[in-house]
Amino acid sequence: MTTRGVLYVHSAPRALCPHVEWAVAGVLGARVNLDWIRQPASPGTWRAEFSWQGDPGTASKLASALRGWHLLRFEVTAEPCPTAEGERYSSTPELGIFHAVTGMHGDILIPEDRLRAALARSKRGEGDLEAELSRLLGKPWDDELEPFRYAGEGAPVRWLHQVV
């Protein structure tokens, strides 16, 4: 059984671009040439998108191969398949990595134990419930990545799903 997904490199310094390609190729087991374009949200950096197909778990392998590289912003998505839920990984230098399980319509599915832990921290006064839920939904990562998600004029756009 296979799944498919997309790697979005939102910003990478030029010197890091070949290393990103090598890391992705190492996970996928095939040569990878990304189409790099300038990232207008961060002058001096580059962005790329890459559609992939592989076994369930490929998204986590891609995220693991790219995590920890300072100045790299990226997202990896995987569509659900008959044997696995979908996934989304988001990473920024400031926040680190975020992982979410996604359902067939792209909604984030939050495990019960994580909700209970957020409620418990809130009850103990260790955090605001709204902030806890916002973090579980990945809002800080979305807020930071949103300016980078726009490639600028003339950039290719990929539609993953059509929702009716």
# chains A, B, ... in the order shown; residues from 1 in each chain; ligands from 1
>>> residues_around(residues="A:Glu85", least_positions_apart="4", cutoff="8 Å", atoms="only C-alpha atoms", output="list in words")
Glu79, Pro80, Cys81, Val101, Thr102, Gly103 and Met104 of chain A
>>> write_last_selection(atoms="all heavy atoms", output="mmCIF file, in the first residue's frame")
data_model
loop_
_atom_site.group_PDB
_atom_site.id
_atom_site.type_symbol
_atom_site.label_atom_id
_atom_site.label_comp_id
_atom_site.auth_asym_id
_atom_site.auth_seq_id
_atom_site.Cartn_x
_atom_site.Cartn_y
_atom_site.Cartn_z
ATOM 1 N N GLU A 79 -1.156 12.020 2.420
ATOM 2 C CA GLU A 79 -2.591 11.757 2.357
ATOM 3 C C GLU A 79 -2.911 10.469 3.103
ATOM 4 O O GLU A 79 -2.082 9.562 3.172
ATOM 5 C CB GLU A 79 -3.032 11.626 0.900
ATOM 6 C CG GLU A 79 -2.893 12.906 0.121
ATOM 7 C CD GLU A 79 -3.324 12.754 -1.330
ATOM 8 O OE1 GLU A 79 -3.721 11.630 -1.730
ATOM 9 O OE2 GLU A 79 -3.258 13.748 -2.051
ATOM 10 N N PRO A 80 -4.117 10.370 3.648
ATOM 11 C CA PRO A 80 -4.505 9.100 4.259
ATOM 12 C C PRO A 80 -4.615 8.014 3.187
ATOM 13 O O PRO A 80 -4.842 8.301 2.011
ATOM 14 C CB PRO A 80 -5.866 9.376 4.886
ATOM 15 C CG PRO A 80 -6.272 10.737 4.479
ATOM 16 C CD PRO A 80 -5.158 11.378 3.731
ATOM 17 N N CYS A 81 -4.418 6.780 3.604
ATOM 18 C CA CYS A 81 -4.572 5.638 2.708
ATOM 19 C C CYS A 81 -5.302 4.547 3.499
ATOM 20 O O CYS A 81 -5.555 4.717 4.694
ATOM 21 C CB CYS A 81 -3.225 5.165 2.174
ATOM 22 S SG CYS A 81 -2.133 4.469 3.409
ATOM 23 N N VAL A 101 -1.777 14.338 13.021
ATOM 24 C CA VAL A 101 -2.452 13.292 12.261
ATOM 25 C C VAL A 101 -3.650 13.961 11.608
ATOM 26 O O VAL A 101 -4.341 14.762 12.237
ATOM 27 C CB VAL A 101 -2.892 12.141 13.188
ATOM 28 C CG1 VAL A 101 -3.720 11.114 12.434
ATOM 29 C CG2 VAL A 101 -1.685 11.494 13.845
ATOM 30 N N THR A 102 -3.883 13.649 10.330
ATOM 31 C CA THR A 102 -5.000 14.273 9.625
ATOM 32 C C THR A 102 -5.956 13.215 9.098
ATOM 33 O O THR A 102 -5.550 12.114 8.742
ATOM 34 C CB THR A 102 -4.502 15.142 8.441
ATOM 35 O OG1 THR A 102 -3.726 14.342 7.559
ATOM 36 C CG2 THR A 102 -3.675 16.311 8.940
ATOM 37 N N GLY A 103 -7.208 13.583 9.070
ATOM 38 C CA GLY A 103 -8.240 12.692 8.559
ATOM 39 C C GLY A 103 -8.399 12.833 7.063
ATOM 40 O O GLY A 103 -7.667 13.581 6.403
ATOM 41 N N MET A 104 -9.366 12.146 6.524
ATOM 42 C CA MET A 104 -9.541 12.115 5.074
ATOM 43 C C MET A 104 -9.908 13.463 4.454
ATOM 44 O O MET A 104 -9.735 13.668 3.262
ATOM 45 C CB MET A 104 -10.561 11.046 4.668
ATOM 46 C CG MET A 104 -11.951 11.260 5.199
ATOM 47 S SD MET A 104 -13.028 9.863 4.832
ATOM 48 C CE MET A 104 -13.678 10.353 3.261
#
>>> atom_distance(atom1="atom CA of A:Ala84", atom2="atom CA of A:Gln53")
13.9 Å
>>> select_by_dssp(residues="stretch 63-160 of chain A", states="strand (DSSP E)", output="PyMOL selection string")
chain A and resi 73-78+86-92+96-102+108-109
>>> atom_distance(atom1="atom CA of A:Ala15", atom2="atom CA of A:Pro147")
22.0 Å
>>> atom_distance(atom1="atom CA of A:Arg135", atom2="atom CA of A:Arg121")
13.0 Å
>>> decode(residues="stretch 52-92 of chain A", atoms="N, CA and C atoms", output="compact mmCIF listing (two decimals), in the first residue's frame")
# COMPACT_ATOMS: atom_id res chain seq x y z
N TRP A 52 5.48 13.50 -3.88
CA TRP A 52 6.13 12.21 -3.71
C TRP A 52 5.09 11.11 -3.53
N GLN A 53 5.51 9.90 -3.73
CA GLN A 53 4.67 8.73 -3.49
C GLN A 53 5.55 7.69 -2.81
N GLY A 54 5.02 7.05 -1.77
CA GLY A 54 5.81 6.06 -1.05
C GLY A 54 4.98 5.31 -0.03
N ASP A 55 5.66 4.52 0.76
CA ASP A 55 5.00 3.77 1.81
C ASP A 55 4.47 4.70 2.90
N PRO A 56 3.42 4.28 3.63
CA PRO A 56 3.04 5.05 4.81
C PRO A 56 4.26 5.19 5.72
N GLY A 57 4.44 6.35 6.28
CA GLY A 57 5.61 6.62 7.11
C GLY A 57 6.67 7.42 6.38
N THR A 58 6.52 7.58 5.07
CA THR A 58 7.51 8.34 4.30
C THR A 58 7.55 9.80 4.76
N ALA A 59 6.40 10.37 5.08
CA ALA A 59 6.37 11.77 5.54
C ALA A 59 7.21 11.94 6.79
N SER A 60 7.10 11.00 7.73
CA SER A 60 7.89 11.12 8.96
C SER A 60 9.37 10.96 8.67
N LYS A 61 9.73 10.10 7.72
CA LYS A 61 11.14 9.94 7.35
C LYS A 61 11.68 11.21 6.71
N LEU A 62 10.87 11.84 5.85
CA LEU A 62 11.30 13.09 5.24
C LEU A 62 11.48 14.18 6.29
N ALA A 63 10.52 14.30 7.21
CA ALA A 63 10.61 15.31 8.26
C ALA A 63 11.83 15.07 9.14
N SER A 64 12.10 13.82 9.46
CA SER A 64 13.27 13.48 10.28
C SER A 64 14.57 13.82 9.56
N ALA A 65 14.61 13.58 8.26
CA ALA A 65 15.82 13.87 7.48
C ALA A 65 16.10 15.37 7.40
N LEU A 66 15.06 16.19 7.49
CA LEU A 66 15.22 17.64 7.34
C LEU A 66 15.22 18.41 8.65
N ARG A 67 14.73 17.81 9.71
CA ARG A 67 14.60 18.56 10.96
C ARG A 67 15.96 18.92 11.53
N GLY A 68 15.97 20.02 12.22
CA GLY A 68 17.19 20.44 12.89
C GLY A 68 18.14 21.27 12.05
N TRP A 69 17.86 21.45 10.77
CA TRP A 69 18.72 22.31 9.96
C TRP A 69 18.29 23.75 10.17
N HIS A 70 19.17 24.50 10.81
CA HIS A 70 18.87 25.89 11.11
C HIS A 70 18.61 26.66 9.81
N LEU A 71 17.67 27.55 9.84
CA LEU A 71 17.25 28.40 8.73
C LEU A 71 16.40 27.70 7.69
N LEU A 72 16.00 26.46 7.93
CA LEU A 72 15.15 25.73 6.99
C LEU A 72 13.71 25.75 7.50
N ARG A 73 12.81 26.17 6.65
CA ARG A 73 11.37 26.12 6.95
C ARG A 73 10.74 25.16 5.96
N PHE A 74 9.96 24.20 6.47
CA PHE A 74 9.35 23.24 5.55
C PHE A 74 8.08 22.65 6.14
N GLU A 75 7.29 22.04 5.25
CA GLU A 75 6.13 21.24 5.62
C GLU A 75 6.15 19.98 4.78
N VAL A 76 5.71 18.89 5.37
CA VAL A 76 5.54 17.63 4.65
C VAL A 76 4.13 17.15 4.94
N THR A 77 3.41 16.79 3.90
CA THR A 77 2.07 16.24 4.08
C THR A 77 2.02 14.85 3.48
N ALA A 78 1.16 14.03 4.04
CA ALA A 78 0.89 12.71 3.49
C ALA A 78 -0.62 12.51 3.52
N GLU A 79 -1.16 12.02 2.42
CA GLU A 79 -2.59 11.76 2.36
C GLU A 79 -2.91 10.47 3.10
N PRO A 80 -4.12 10.37 3.65
CA PRO A 80 -4.51 9.10 4.26
C PRO A 80 -4.62 8.01 3.19
N CYS A 81 -4.42 6.78 3.60
CA CYS A 81 -4.57 5.64 2.71
C CYS A 81 -5.30 4.55 3.50
N PRO A 82 -5.66 3.45 2.89
CA PRO A 82 -6.42 2.42 3.61
C PRO A 82 -5.74 1.87 4.87
N THR A 83 -4.41 2.01 4.95
CA THR A 83 -3.71 1.45 6.12
C THR A 83 -3.16 2.50 7.08
N ALA A 84 -3.34 3.80 6.77
CA ALA A 84 -2.76 4.83 7.64
C ALA A 84 -3.52 6.15 7.50
N GLU A 85 -3.59 6.88 8.60
CA GLU A 85 -4.14 8.23 8.58
C GLU A 85 -3.18 9.13 7.82
N GLY A 86 -3.63 10.32 7.48
CA GLY A 86 -2.75 11.30 6.87
C GLY A 86 -1.87 11.94 7.94
N GLU A 87 -0.88 12.68 7.49
CA GLU A 87 0.03 13.35 8.41
C GLU A 87 0.40 14.72 7.87
N ARG A 88 0.80 15.57 8.80
CA ARG A 88 1.33 16.87 8.44
C ARG A 88 2.46 17.20 9.40
N TYR A 89 3.58 17.57 8.86
CA TYR A 89 4.72 18.03 9.65
C TYR A 89 5.02 19.46 9.22
N SER A 90 5.25 20.32 10.19
CA SER A 90 5.65 21.70 9.92
C SER A 90 6.88 21.99 10.75
N SER A 91 7.83 22.72 10.19
CA SER A 91 9.06 23.01 10.92
C SER A 91 9.53 24.42 10.64
N THR A 92 9.94 25.10 11.71
CA THR A 92 10.55 26.42 11.59
C THR A 92 11.76 26.45 12.52
